[in-house]
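Colleague: The following block contains the structure, expressed as structure tokens.
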Amino acid sequence: MTKYEIQHKDLMGRIGKLRTAHGYIETPTILPVINPNLVTIEAAEMKKYGAEMLITNAYIIYRKPDLREEALAKGVHSLLGTEIPIMTDSGSYQLYEYRDVEVSNREILEFQQRIGSDVCVPLDIPTPPYVKHKRAKEDLEVTLSRLREARSLMPANGQDNMLAGVVQGSTFTDLRADSARQAAELEFDLYAIGGVVPLLESHGFARLVDLIVASKQNLPLNAPVHLFGAGHPMLFSLAVALGCDLFDSAAYAIFAKDKRYLTSDGTKKLEKLRVLPCSCPVCSTYSVAELKANTDLLAAHNLWVTFEEMRMVKQSIAEGCLWELCERRCRAYPSLVDALKRMTNHSAVIERYDVATKRPFFYLSEYSAHRPEVLRYANLLDRFQLSGSVLITTKEEREEEVYDHIYLVKPPFGPYPVELKESYPVGQSEIPVDIDDVAKTVALQNVLKLLELNSEKAEFVFQYDGSWDGHPLLEKIGKYAEVRRNVSAQELVVS
Ligand code: GUN
Ligand code: ZN
């Protein structure tokens, strides 16, 4: 009777099936936000875009008498006019934005249950980024007491309504970790990382990476994780790679209202578009002028590209190339480059979750040099216990000399036995011919590691070609190996 079943994994990302009272959904997925006061695209239309679940705000329904009565009488699905699963938010965000929420945690939770929400959310406190630690900790205590109250009102496995455990803690990784750990102890059906909207708005993506990792490491793996407020498609690959499974998007409507056109590479101002670069049903039917005149058409395009990107993320998980997708997406925008770099800082964590073998990787930029697969390879170098004479060489052609072992060097991995030339991961990963210095550095660090591990029993010759000339690690390698520069045929002719 597990509620969440994982089918494919890549990095910390997964494709999973979640059981709700209104049927199964497949993650990762994005829940379009339906504001019952201000409908841009009808809930009943959402399925055609690819939506499997929606999210609406229980507090907005609760405080408006006609909506409240209808929801209580017929349920939230009837109110929105759809039978697909619906998650309801609690009004926490209104609390944060307007400070005028007049409902208790207990009241709003009971209301969510009574209107038949598939996923209920307690009234957490979204603490903004960069407040004082003391304030964030105090807010978190309140959130945690509300989570405990929620769990006692809605015992586990007792009902159809699932319950989300919200993670807060502002920009403090220690508080995020603590928040996640304590929520996990209460055993929620799913978890939701909150309080990140201001970070998203200010493009603090590197900090977001730290917060997701701190939270995720302390949450159970057999439950989905929602990232509140992350509706821009350019962020999906990164957030999914770090273990987020569910997203909500008001972005499709908010950006449309602002006359902004979403793409998986960022946002474009509609007024600057000469053509519509996308081929969704809207963009292949209407002109730029028609989109300018009709915000609903723009919102529809925004939603199409949002689901298109999520499908791309899913396909990348299935193929084992989610890192490549992250690397491509994050190179589109400077603050995402920061986030990608920050993700490489967490490669050791990601490596622990990543699958053992997958498709060989493509080296796309210097950030590929710090991929979890490369780190894993470095960690396994102590498998090679060497004695006798060993040649380590950057070139496959070599002299006739006889060695007990021959190792080739392939950036960014480093040394590998010639016998494993065709094996995963080193032998199969594809790198550019003109490889960058970062990959060379990582490779030489791993050469050094192999030398250090075996310096007592083996005698090394390290042979390199001119493309490695001047690398600062060559000197260090010289402490453990006889270093020979391989003179190419061309160089011989010239001299
Ligand atoms: N929507 C956006 N951010 C948040 C948050 O931190 N908590 C809740 N409940 N909803 C949100
Ligand atoms: Zn389009």
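Scheme for the structure tokens: letters A, B, ... for chains in order shown; per-chain residue numbers from 1; ligand numbers from 1 in order shown.
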Mind running chain A against ligand 1 at 6 Å and telling me each contacting residue's nearest atom pair with the distance in Å (one decimal), counting only C-alpha atoms and all ligand atoms, chain and number ascending, as a tab-separated table?
Modeller:
```
residue	atom	partner	partner_atom_place_in_ligand_line	distance
A:Asp89	CA	ligand 1	9 (N)	5.5
A:Ser90	CA	ligand 1	9 (N)	5.6
A:Ser92	CA	ligand 1	9 (N)	4.6
A:Tyr93	CA	ligand 1	11 (C)	4.8
A:Asp124	CA	ligand 1	9 (N)	5.7
A:Pro126	CA	ligand 1	6 (O)	4.2
A:Gly194	CA	ligand 1	6 (O)	3.2
A:Gly195	CA	ligand 1	6 (O)	3.7
A:Val197	CA	ligand 1	3 (N)	5.8
A:Phe228	CA	ligand 1	2 (C)	4.6
A:Gly229	CA	ligand 1	2 (C)	4.6
```
Colleague: Include N, CA, C and O atoms and write out the residues we just selected as a PDB file, in the first residue's frame.
Modeller:
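Dumped everything to result_16.pdb:
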```
ATOM      1  N   ASP A  89      -3.532  24.726  -0.870  1.00  0.00           N
ATOM      2  CA  ASP A  89      -2.598  25.425   0.014  1.00  0.00           C
ATOM      3  C   ASP A  89      -3.418  26.091   1.118  1.00  0.00           C
ATOM      4  O   ASP A  89      -4.627  26.263   1.004  1.00  0.00           O
ATOM      5  N   SER A  90      -2.709  26.463   2.187  1.00  0.00           N
ATOM      6  CA  SER A  90      -3.389  26.826   3.430  1.00  0.00           C
ATOM      7  C   SER A  90      -3.632  28.310   3.617  1.00  0.00           C
ATOM      8  O   SER A  90      -4.344  28.705   4.528  1.00  0.00           O
ATOM      9  N   SER A  92      -0.829  30.229   3.885  1.00  0.00           N
ATOM     10  CA  SER A  92       0.452  30.679   4.450  1.00  0.00           C
ATOM     11  C   SER A  92       1.062  31.782   3.609  1.00  0.00           C
ATOM     12  O   SER A  92       1.670  32.711   4.137  1.00  0.00           O
ATOM     13  N   TYR A  93       0.903  31.642   2.323  1.00  0.00           N
ATOM     14  CA  TYR A  93       1.551  32.611   1.465  1.00  0.00           C
ATOM     15  C   TYR A  93       0.888  33.991   1.588  1.00  0.00           C
ATOM     16  O   TYR A  93       1.574  35.009   1.595  1.00  0.00           O
ATOM     17  N   ASP A 124       1.831  26.890   7.635  1.00  0.00           N
ATOM     18  CA  ASP A 124       3.240  27.116   7.988  1.00  0.00           C
ATOM     19  C   ASP A 124       3.556  28.608   7.930  1.00  0.00           C
ATOM     20  O   ASP A 124       2.782  29.404   7.398  1.00  0.00           O
ATOM     21  N   PRO A 126       6.058  31.108   6.236  1.00  0.00           N
ATOM     22  CA  PRO A 126       7.157  31.295   5.275  1.00  0.00           C
ATOM     23  C   PRO A 126       8.060  32.441   5.730  1.00  0.00           C
ATOM     24  O   PRO A 126       7.694  33.592   5.625  1.00  0.00           O
ATOM     25  N   GLY A 194       9.255  25.279   1.465  1.00  0.00           N
ATOM     26  CA  GLY A 194       8.597  26.580   1.341  1.00  0.00           C
ATOM     27  C   GLY A 194       9.554  27.726   1.590  1.00  0.00           C
ATOM     28  O   GLY A 194      10.746  27.543   1.854  1.00  0.00           O
ATOM     29  N   GLY A 195       9.006  28.921   1.476  1.00  0.00           N
ATOM     30  CA  GLY A 195       9.766  30.121   1.804  1.00  0.00           C
ATOM     31  C   GLY A 195      10.839  30.479   0.791  1.00  0.00           C
ATOM     32  O   GLY A 195      11.784  31.199   1.122  1.00  0.00           O
ATOM     33  N   VAL A 197      10.118  31.714  -2.494  1.00  0.00           N
ATOM     34  CA  VAL A 197       9.669  32.607  -3.571  1.00  0.00           C
ATOM     35  C   VAL A 197      10.526  33.874  -3.692  1.00  0.00           C
ATOM     36  O   VAL A 197      10.941  34.233  -4.801  1.00  0.00           O
ATOM     37  N   PHE A 228       7.671  24.738  -3.388  1.00  0.00           N
ATOM     38  CA  PHE A 228       6.618  25.755  -3.486  1.00  0.00           C
ATOM     39  C   PHE A 228       7.059  26.951  -4.310  1.00  0.00           C
ATOM     40  O   PHE A 228       8.117  27.542  -4.053  1.00  0.00           O
ATOM     41  N   GLY A 229       6.274  27.303  -5.305  1.00  0.00           N
ATOM     42  CA  GLY A 229       6.463  28.575  -5.997  1.00  0.00           C
ATOM     43  C   GLY A 229       7.450  28.560  -7.147  1.00  0.00           C
ATOM     44  O   GLY A 229       7.716  29.600  -7.731  1.00  0.00           O
TER      45      GLY A 229
END
```
Colleague: Can you write out as JSON lines which residues of chain A fall within 8 Å of ligand 2, alongside each residue's closest atom pair and its distance in Å to one decimal, counting only C-alpha atoms and all ligand atoms and ordering rows by chain and ascending residue number?
Modeller:
```
{"residue": "A:Leu276", "atom": "CA", "partner": "ligand 2", "partner_atom_place_in_ligand_line": "1 (Zn)", "distance": 7.0}
{"residue": "A:Pro277", "atom": "CA", "partner": "ligand 2", "partner_atom_place_in_ligand_line": "1 (Zn)", "distance": 7.4}
{"residue": "A:Cys278", "atom": "CA", "partner": "ligand 2", "partner_atom_place_in_ligand_line": "1 (Zn)", "distance": 4.5}
{"residue": "A:Ser279", "atom": "CA", "partner": "ligand 2", "partner_atom_place_in_ligand_line": "1 (Zn)", "distance": 5.4}
{"residue": "A:Cys280", "atom": "CA", "partner": "ligand 2", "partner_atom_place_in_ligand_line": "1 (Zn)", "distance": 4.1}
{"residue": "A:Pro281", "atom": "CA", "partner": "ligand 2", "partner_atom_place_in_ligand_line": "1 (Zn)", "distance": 6.6}
{"residue": "A:Val282", "atom": "CA", "partner": "ligand 2", "partner_atom_place_in_ligand_line": "1 (Zn)", "distance": 5.4}
{"residue": "A:Cys283", "atom": "CA", "partner": "ligand 2", "partner_atom_place_in_ligand_line": "1 (Zn)", "distance": 4.2}
{"residue": "A:Ser284", "atom": "CA", "partner": "ligand 2", "partner_atom_place_in_ligand_line": "1 (Zn)", "distance": 7.2}
{"residue": "A:Ala300", "atom": "CA", "partner": "ligand 2", "partner_atom_place_in_ligand_line": "1 (Zn)", "distance": 7.8}
{"residue": "A:His301", "atom": "CA", "partner": "ligand 2", "partner_atom_place_in_ligand_line": "1 (Zn)", "distance": 4.2}
{"residue": "A:Asn302", "atom": "CA", "partner": "ligand 2", "partner_atom_place_in_ligand_line": "1 (Zn)", "distance": 6.8}
{"residue": "A:Trp304", "atom": "CA", "partner": "ligand 2", "partner_atom_place_in_ligand_line": "1 (Zn)", "distance": 6.4}
{"residue": "A:Val305", "atom": "CA", "partner": "ligand 2", "partner_atom_place_in_ligand_line": "1 (Zn)", "distance": 6.4}
```
Colleague: Export, as a PDB file, in the first residue's frame, the selected residues with N, CA, C and O atoms.
Modeller:
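Saved to result20.pdb:
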```pdb
ATOM      1  N   LEU A 276       7.325  34.069 -33.206  1.00  0.00           N
ATOM      2  CA  LEU A 276       7.102  33.193 -32.062  1.00  0.00           C
ATOM      3  C   LEU A 276       7.973  31.958 -32.259  1.00  0.00           C
ATOM      4  O   LEU A 276       7.735  31.166 -33.171  1.00  0.00           O
ATOM      5  N   PRO A 277       9.026  31.801 -31.454  1.00  0.00           N
ATOM      6  CA  PRO A 277       9.989  30.726 -31.703  1.00  0.00           C
ATOM      7  C   PRO A 277       9.479  29.333 -31.349  1.00  0.00           C
ATOM      8  O   PRO A 277      10.166  28.349 -31.626  1.00  0.00           O
ATOM      9  N   CYS A 278       8.318  29.245 -30.747  1.00  0.00           N
ATOM     10  CA  CYS A 278       7.828  27.956 -30.271  1.00  0.00           C
ATOM     11  C   CYS A 278       6.804  27.370 -31.242  1.00  0.00           C
ATOM     12  O   CYS A 278       6.280  28.080 -32.095  1.00  0.00           O
ATOM     13  N   SER A 279       6.557  26.068 -31.119  1.00  0.00           N
ATOM     14  CA  SER A 279       5.611  25.404 -32.034  1.00  0.00           C
ATOM     15  C   SER A 279       4.405  24.835 -31.312  1.00  0.00           C
ATOM     16  O   SER A 279       3.779  23.906 -31.798  1.00  0.00           O
ATOM     17  N   CYS A 280       4.085  25.364 -30.137  1.00  0.00           N
ATOM     18  CA  CYS A 280       2.919  24.860 -29.407  1.00  0.00           C
ATOM     19  C   CYS A 280       1.647  25.239 -30.176  1.00  0.00           C
ATOM     20  O   CYS A 280       1.697  26.020 -31.125  1.00  0.00           O
ATOM     21  N   PRO A 281       0.501  24.680 -29.797  1.00  0.00           N
ATOM     22  CA  PRO A 281      -0.733  24.980 -30.526  1.00  0.00           C
ATOM     23  C   PRO A 281      -1.029  26.482 -30.628  1.00  0.00           C
ATOM     24  O   PRO A 281      -1.564  26.936 -31.644  1.00  0.00           O
ATOM     25  N   VAL A 282      -0.638  27.241 -29.619  1.00  0.00           N
ATOM     26  CA  VAL A 282      -0.878  28.689 -29.674  1.00  0.00           C
ATOM     27  C   VAL A 282       0.061  29.331 -30.689  1.00  0.00           C
ATOM     28  O   VAL A 282      -0.369  30.036 -31.600  1.00  0.00           O
ATOM     29  N   CYS A 283       1.359  29.058 -30.535  1.00  0.00           N
ATOM     30  CA  CYS A 283       2.351  29.739 -31.372  1.00  0.00           C
ATOM     31  C   CYS A 283       2.300  29.302 -32.831  1.00  0.00           C
ATOM     32  O   CYS A 283       2.759  30.021 -33.709  1.00  0.00           O
ATOM     33  N   SER A 284       1.760  28.095 -33.075  1.00  0.00           N
ATOM     34  CA  SER A 284       1.656  27.686 -34.474  1.00  0.00           C
ATOM     35  C   SER A 284       0.328  28.139 -35.097  1.00  0.00           C
ATOM     36  O   SER A 284       0.096  27.899 -36.275  1.00  0.00           O
ATOM     37  N   ALA A 300      -1.597  30.577 -22.208  1.00  0.00           N
ATOM     38  CA  ALA A 300      -1.679  29.215 -22.743  1.00  0.00           C
ATOM     39  C   ALA A 300      -0.319  28.779 -23.296  1.00  0.00           C
ATOM     40  O   ALA A 300       0.156  27.679 -23.012  1.00  0.00           O
ATOM     41  N   HIS A 301       0.343  29.653 -24.058  1.00  0.00           N
ATOM     42  CA  HIS A 301       1.701  29.316 -24.511  1.00  0.00           C
ATOM     43  C   HIS A 301       2.601  29.024 -23.313  1.00  0.00           C
ATOM     44  O   HIS A 301       3.333  28.031 -23.300  1.00  0.00           O
ATOM     45  N   ASN A 302       2.549  29.905 -22.323  1.00  0.00           N
ATOM     46  CA  ASN A 302       3.408  29.732 -21.144  1.00  0.00           C
ATOM     47  C   ASN A 302       3.189  28.366 -20.499  1.00  0.00           C
ATOM     48  O   ASN A 302       4.146  27.726 -20.045  1.00  0.00           O
ATOM     49  N   TRP A 304       1.991  25.644 -22.079  1.00  0.00           N
ATOM     50  CA  TRP A 304       2.495  24.594 -22.985  1.00  0.00           C
ATOM     51  C   TRP A 304       3.990  24.383 -22.788  1.00  0.00           C
ATOM     52  O   TRP A 304       4.455  23.255 -22.656  1.00  0.00           O
ATOM     53  N   VAL A 305       4.763  25.463 -22.771  1.00  0.00           N
ATOM     54  CA  VAL A 305       6.225  25.275 -22.667  1.00  0.00           C
ATOM     55  C   VAL A 305       6.617  24.750 -21.289  1.00  0.00           C
ATOM     56  O   VAL A 305       7.608  24.047 -21.150  1.00  0.00           O
TER      57      VAL A 305
END
```
Colleague: Ranking A:Glu373, A:Asp210, A:Glu149, A:Glu401 by minimum distance to Phe172 of chain A and counting only C-alpha atoms, which one comes first?
Modeller: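 Going through A:Glu373, A:Asp210, A:Glu149, A:Glu401 one by one, the smallest distance to Phe172 of chain A is for A:Asp210.
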Colleague: Measuring between only C-alpha atoms, which one of A:His22, A:Lys269, A:Arg148, A:Lys314 shows the shortest distance to Leu123 of chain A?
Modeller: A:Arg148
Colleague: Tell me, counting only C-alpha atoms, for each residue of segment 447-495 of chain A within 9 Å of segment 425-437 of chain A, which pair of atoms is nearest and how far apart they are in Å to one decimal, in rows ordered by chain and increasing number, as a Markdown table.
Modeller:
```
| residue | atom | partner | partner_atom | distance |
| --- | --- | --- | --- | --- |
| A:Ser467 | CA | A:Asp434 | CA | 8.9 |
| A:Trp468 | CA | A:Asp437 | CA | 8.9 |
| A:His471 | CA | A:Asp437 | CA | 8.5 |
```
Colleague: Would you mind exporting the chosen residues as a CSV table (one decimal), in the first residue's frame, restricted to all heavy atoms?
Modeller:
```csv
chain,number,residue,atom,x,y,z
A,467,SER,N,50.1,18.6,-25.6
A,467,SER,CA,48.9,19.4,-25.2
A,467,SER,C,48.8,19.6,-23.7
A,467,SER,O,48.0,20.3,-23.2
A,467,SER,CB,47.7,18.7,-25.8
A,467,SER,OG,47.4,17.5,-25.1
A,468,TRP,N,49.6,18.8,-22.9
A,468,TRP,CA,49.6,18.9,-21.4
A,468,TRP,C,50.8,19.8,-20.9
A,468,TRP,O,50.9,20.0,-19.7
A,468,TRP,CB,49.7,17.6,-20.8
A,468,TRP,CG,48.6,16.7,-21.1
A,468,TRP,CD1,48.3,16.0,-22.3
A,468,TRP,CD2,47.5,16.3,-20.2
A,468,TRP,NE1,47.2,15.3,-22.2
A,468,TRP,CE2,46.6,15.4,-20.9
A,468,TRP,CE3,47.2,16.6,-18.9
A,468,TRP,CZ2,45.5,14.9,-20.4
A,468,TRP,CZ3,46.0,16.0,-18.3
A,468,TRP,CH2,45.2,15.2,-19.1
A,471,HIS,N,51.4,22.2,-17.5
A,471,HIS,CA,50.4,22.0,-16.4
A,471,HIS,C,51.1,21.9,-15.0
A,471,HIS,O,52.0,21.1,-14.9
A,471,HIS,CB,49.5,20.7,-16.6
A,471,HIS,CG,48.3,20.8,-15.8
A,471,HIS,ND1,48.3,20.6,-14.4
A,471,HIS,CD2,47.0,21.0,-16.1
A,471,HIS,CE1,47.1,20.7,-14.0
A,471,HIS,NE2,46.3,21.0,-15.0
```
Colleague: Per DSSP on the backbone, what are the strand (DSSP E or B) residues of segment 196-393 of chain A, as a PyMOL selection string?
Modeller: chain A and resi 225-227+246-249+260-263+266-269+362+388-393
Colleague: Skip Ser179 of chain A itself and residues of its chain fewer than 6 positions away, then list as a list in words all residues within 8 Å of it, counting only C-alpha atoms.
Modeller: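 The filter keeps Leu140, Leu144, Val167, Gln168, Gly169 and Ser215 of chain A.
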Colleague: Can you list, as a ChimeraX atom specification, every protein, DNA or RNA residue that comes within 6 Å of Ile30 of chain A when you count only C-alpha atoms, leaving out same-chain residues fewer than 6 positions away?
Modeller: /A:246-248
Colleague: Store the residues of this selection in a file with all heavy atoms, as a JSON list (two decimals), in the first residue's frame.
Modeller:
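The new file again34.json reads:
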```json
[["chain", "number", "residue", "atom", "x", "y", "z"],
["A", 246, "LEU", "N", 7.58, 17.69, -7.23],
["A", 246, "LEU", "CA", 6.35, 18.41, -7.52],
["A", 246, "LEU", "C", 6.62, 19.92, -7.51],
["A", 246, "LEU", "O", 7.42, 20.41, -6.71],
["A", 246, "LEU", "CB", 5.27, 18.10, -6.47],
["A", 246, "LEU", "CG", 4.81, 16.64, -6.37],
["A", 246, "LEU", "CD1", 3.98, 16.41, -5.12],
["A", 246, "LEU", "CD2", 4.01, 16.27, -7.62],
["A", 247, "PHE", "N", 5.93, 20.61, -8.40],
["A", 247, "PHE", "CA", 6.08, 22.06, -8.52],
["A", 247, "PHE", "C", 4.70, 22.65, -8.69],
["A", 247, "PHE", "O", 3.78, 21.97, -9.12],
["A", 247, "PHE", "CB", 6.92, 22.40, -9.76],
["A", 247, "PHE", "CG", 8.30, 21.79, -9.70],
["A", 247, "PHE", "CD1", 8.51, 20.47, -10.09],
["A", 247, "PHE", "CD2", 9.37, 22.52, -9.22],
["A", 247, "PHE", "CE1", 9.77, 19.90, -10.01],
["A", 247, "PHE", "CE2", 10.63, 21.95, -9.15],
["A", 247, "PHE", "CZ", 10.82, 20.64, -9.53],
["A", 248, "ASP", "N", 4.56, 23.94, -8.36],
["A", 248, "ASP", "CA", 3.31, 24.59, -8.69],
["A", 248, "ASP", "C", 3.63, 25.81, -9.54],
["A", 248, "ASP", "O", 4.69, 26.41, -9.40],
["A", 248, "ASP", "CB", 2.54, 25.00, -7.42],
["A", 248, "ASP", "CG", 3.36, 25.88, -6.50],
["A", 248, "ASP", "OD1", 4.21, 25.35, -5.77],
["A", 248, "ASP", "OD2", 3.16, 27.11, -6.53]]
```
Colleague: Just give me the gap between atom CA of Glu319 of chain A and atom CA of Phe413 of chain A in Å, one decimal is fine.
Modeller: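 Computing the Euclidean distance for atom CA of Glu319 of chain A and atom CA of Phe413 of chain A yields 21.6 Å.
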Colleague: Taking into account only C-alpha atoms, which residue in the set A:Lys440, A:Arg484, A:Arg19, A:Lys457 is nearest to Val119 of chain A?
Modeller: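 Nearest to Val119 of chain A: A:Arg19.
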Colleague: Which of these, A:Glu366, A:Glu26, A:Glu456, A:Asp258, has the shortest distance to Ala299 of chain A once you count only C-alpha atoms?
Modeller: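 Smallest distance to Ala299 of chain A is found for A:Asp258.
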Colleague: Could you list, as a PyMOL selection string, every residue within 8 Å of Thr306 of chain A, counting only C-alpha atoms and ignoring same-chain residues fewer than 3 positions away?
Modeller: chain A and resi 231-233+252+262-264+302-303+309-310
Colleague: For the residues in the current selection, export N, CA, C and O atoms as an mmCIF file, in the first residue's frame.
Modeller:
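The new file selection-v5.cif reads:
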```
data_model
loop_
_atom_site.group_PDB
_atom_site.id
_atom_site.type_symbol
_atom_site.label_atom_id
_atom_site.label_comp_id
_atom_site.auth_asym_id
_atom_site.auth_seq_id
_atom_site.Cartn_x
_atom_site.Cartn_y
_atom_site.Cartn_z
ATOM 1 N N GLY A 231 7.779 27.862 -10.570
ATOM 2 C CA GLY A 231 6.996 27.543 -11.771
ATOM 3 C C GLY A 231 7.679 27.884 -13.074
ATOM 4 O O GLY A 231 7.113 27.692 -14.140
ATOM 5 N N HIS A 232 8.907 28.398 -13.004
ATOM 6 C CA HIS A 232 9.584 28.755 -14.264
ATOM 7 C C HIS A 232 10.290 27.533 -14.850
ATOM 8 O O HIS A 232 11.105 26.911 -14.169
ATOM 9 N N PRO A 233 10.007 27.216 -16.121
ATOM 10 C CA PRO A 233 10.576 25.989 -16.683
ATOM 11 C C PRO A 233 12.108 25.943 -16.691
ATOM 12 O O PRO A 233 12.679 24.861 -16.642
ATOM 13 N N TYR A 252 2.841 30.823 -15.132
ATOM 14 C CA TYR A 252 2.276 30.888 -16.493
ATOM 15 C C TYR A 252 1.314 32.072 -16.617
ATOM 16 O O TYR A 252 1.294 32.770 -17.628
ATOM 17 N N LEU A 262 7.342 32.820 -21.772
ATOM 18 C CA LEU A 262 8.278 31.882 -21.142
ATOM 19 C C LEU A 262 8.938 30.977 -22.177
ATOM 20 O O LEU A 262 8.305 30.576 -23.153
ATOM 21 N N THR A 263 10.217 30.680 -21.932
ATOM 22 C CA THR A 263 10.899 29.619 -22.671
ATOM 23 C C THR A 263 11.727 28.845 -21.643
ATOM 24 O O THR A 263 11.949 29.336 -20.537
ATOM 25 N N SER A 264 12.198 27.676 -22.024
ATOM 26 C CA SER A 264 12.979 26.895 -21.063
ATOM 27 C C SER A 264 14.358 27.524 -20.835
ATOM 28 O O SER A 264 15.097 27.109 -19.955
ATOM 29 N N ASN A 302 2.549 29.905 -22.323
ATOM 30 C CA ASN A 302 3.408 29.732 -21.144
ATOM 31 C C ASN A 302 3.189 28.366 -20.499
ATOM 32 O O ASN A 302 4.146 27.726 -20.045
ATOM 33 N N LEU A 303 1.949 27.935 -20.476
ATOM 34 C CA LEU A 303 1.657 26.642 -19.874
ATOM 35 C C LEU A 303 2.135 25.485 -20.760
ATOM 36 O O LEU A 303 2.668 24.495 -20.265
ATOM 37 N N GLU A 309 8.776 21.327 -21.011
ATOM 38 C CA GLU A 309 10.054 21.197 -20.313
ATOM 39 C C GLU A 309 9.993 20.065 -19.277
ATOM 40 O O GLU A 309 10.972 19.332 -19.104
ATOM 41 N N MET A 310 8.861 19.930 -18.612
ATOM 42 C CA MET A 310 8.774 18.857 -17.623
ATOM 43 C C MET A 310 8.868 17.487 -18.296
ATOM 44 O O MET A 310 9.481 16.558 -17.765
#
```
Colleague: Run DSSP on the backbone and give me the residues of segment 6-168 of chain A it puts in alpha helix (DSSP H), as a ChimeraX atom specification.
Modeller: /A:46-49,58-63,65-74,76-80,92-98,105-114,133-153
Colleague: Which residues are near segment 327-341 of chain A? Cut-off 6 Å, only C-alpha atoms, ignore same chain within fewer than 2 positions. Put them as number ranges by chain.
Modeller: A: 205-206, 265, 324-325, 343-344
Colleague: Looking at A:Leu408, A:Val121, A:Leu211, A:Leu31, which one is nearest to Lys395 of chain A, with distances taken over only C-alpha atoms?
Modeller: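 Nearest to Lys395 of chain A: A:Leu408.
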Colleague: Find the spatial neighbours of segment 104-118 of chain A, counting only C-alpha atoms, within a cut-off of 6 Å - ignore same-chain residues fewer than 5 positions away - and output them as a tab-separated table (two decimals) with all heavy atoms, in the first residue's frame.
Modeller:
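In the end it all went to around-v1.tsv:
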```tsv
chain	number	residue	atom	x	y	z
A	71	ALA	N	-18.02	25.05	-1.98
A	71	ALA	CA	-16.99	24.02	-1.74
A	71	ALA	C	-17.43	23.06	-0.65
A	71	ALA	O	-17.22	21.84	-0.75
A	71	ALA	CB	-15.67	24.68	-1.38
A	72	LEU	N	-18.06	23.59	0.39
A	72	LEU	CA	-18.50	22.72	1.49
A	72	LEU	C	-19.64	21.81	1.03
A	72	LEU	O	-19.70	20.63	1.42
A	72	LEU	CB	-18.94	23.55	2.70
A	72	LEU	CG	-17.80	24.16	3.52
A	72	LEU	CD1	-18.34	25.13	4.56
A	72	LEU	CD2	-16.95	23.07	4.19
A	75	GLY	N	-17.79	20.06	-2.69
A	75	GLY	CA	-16.38	19.66	-2.75
A	75	GLY	C	-15.58	20.56	-3.68
A	75	GLY	O	-16.13	21.22	-4.57
A	76	VAL	N	-14.27	20.54	-3.48
A	76	VAL	CA	-13.40	21.44	-4.24
A	76	VAL	C	-13.30	21.00	-5.71
A	76	VAL	O	-13.14	21.84	-6.60
A	76	VAL	CB	-12.00	21.56	-3.56
A	76	VAL	CG1	-11.24	20.24	-3.59
A	76	VAL	CG2	-11.16	22.66	-4.20
A	85	PRO	N	-6.78	15.12	-9.44
A	85	PRO	CA	-6.41	15.41	-8.05
A	85	PRO	C	-6.13	16.89	-7.82
A	85	PRO	O	-5.62	17.58	-8.71
A	85	PRO	CB	-5.14	14.58	-7.86
A	85	PRO	CG	-5.19	13.52	-8.90
A	85	PRO	CD	-5.91	14.11	-10.06
A	86	ILE	N	-6.48	17.34	-6.63
A	86	ILE	CA	-6.27	18.75	-6.28
A	86	ILE	C	-5.55	18.85	-4.93
A	86	ILE	O	-5.97	18.25	-3.95
A	86	ILE	CB	-7.61	19.51	-6.20
A	86	ILE	CG1	-8.31	19.52	-7.57
A	86	ILE	CG2	-7.40	20.95	-5.71
A	86	ILE	CD1	-9.70	20.15	-7.55
A	87	MET	N	-4.46	19.61	-4.93
A	87	MET	CA	-3.77	19.95	-3.69
A	87	MET	C	-4.30	21.32	-3.26
A	87	MET	O	-4.60	22.16	-4.11
A	87	MET	CB	-2.26	20.03	-3.96
A	87	MET	CG	-1.39	20.45	-2.80
A	87	MET	SD	0.37	20.21	-3.27
A	87	MET	CE	1.21	20.81	-1.79
A	123	LEU	N	-0.82	25.42	8.08
A	123	LEU	CA	-0.56	26.86	8.01
A	123	LEU	C	0.87	27.14	8.51
A	123	LEU	O	1.08	27.53	9.65
A	123	LEU	CB	-1.59	27.61	8.86
A	123	LEU	CG	-1.71	29.11	8.65
A	123	LEU	CD1	-2.24	29.45	7.26
A	123	LEU	CD2	-2.64	29.72	9.70
A	161	ASN	N	-7.33	12.12	2.40
A	161	ASN	CA	-6.56	13.35	2.23
A	161	ASN	C	-5.13	13.10	2.66
A	161	ASN	O	-4.89	12.66	3.77
A	161	ASN	CB	-7.10	14.48	3.12
A	161	ASN	CG	-8.61	14.48	3.23
A	161	ASN	OD1	-9.16	13.78	4.06
A	161	ASN	ND2	-9.25	15.26	2.40
A	162	MET	N	-4.20	13.39	1.76
A	162	MET	CA	-2.80	13.32	2.16
A	162	MET	C	-2.43	14.62	2.87
A	162	MET	O	-3.13	15.62	2.73
A	162	MET	CB	-1.92	13.12	0.94
A	162	MET	CG	-2.03	11.71	0.38
A	162	MET	SD	-0.78	11.41	-0.87
A	162	MET	CE	-1.63	11.97	-2.32
```
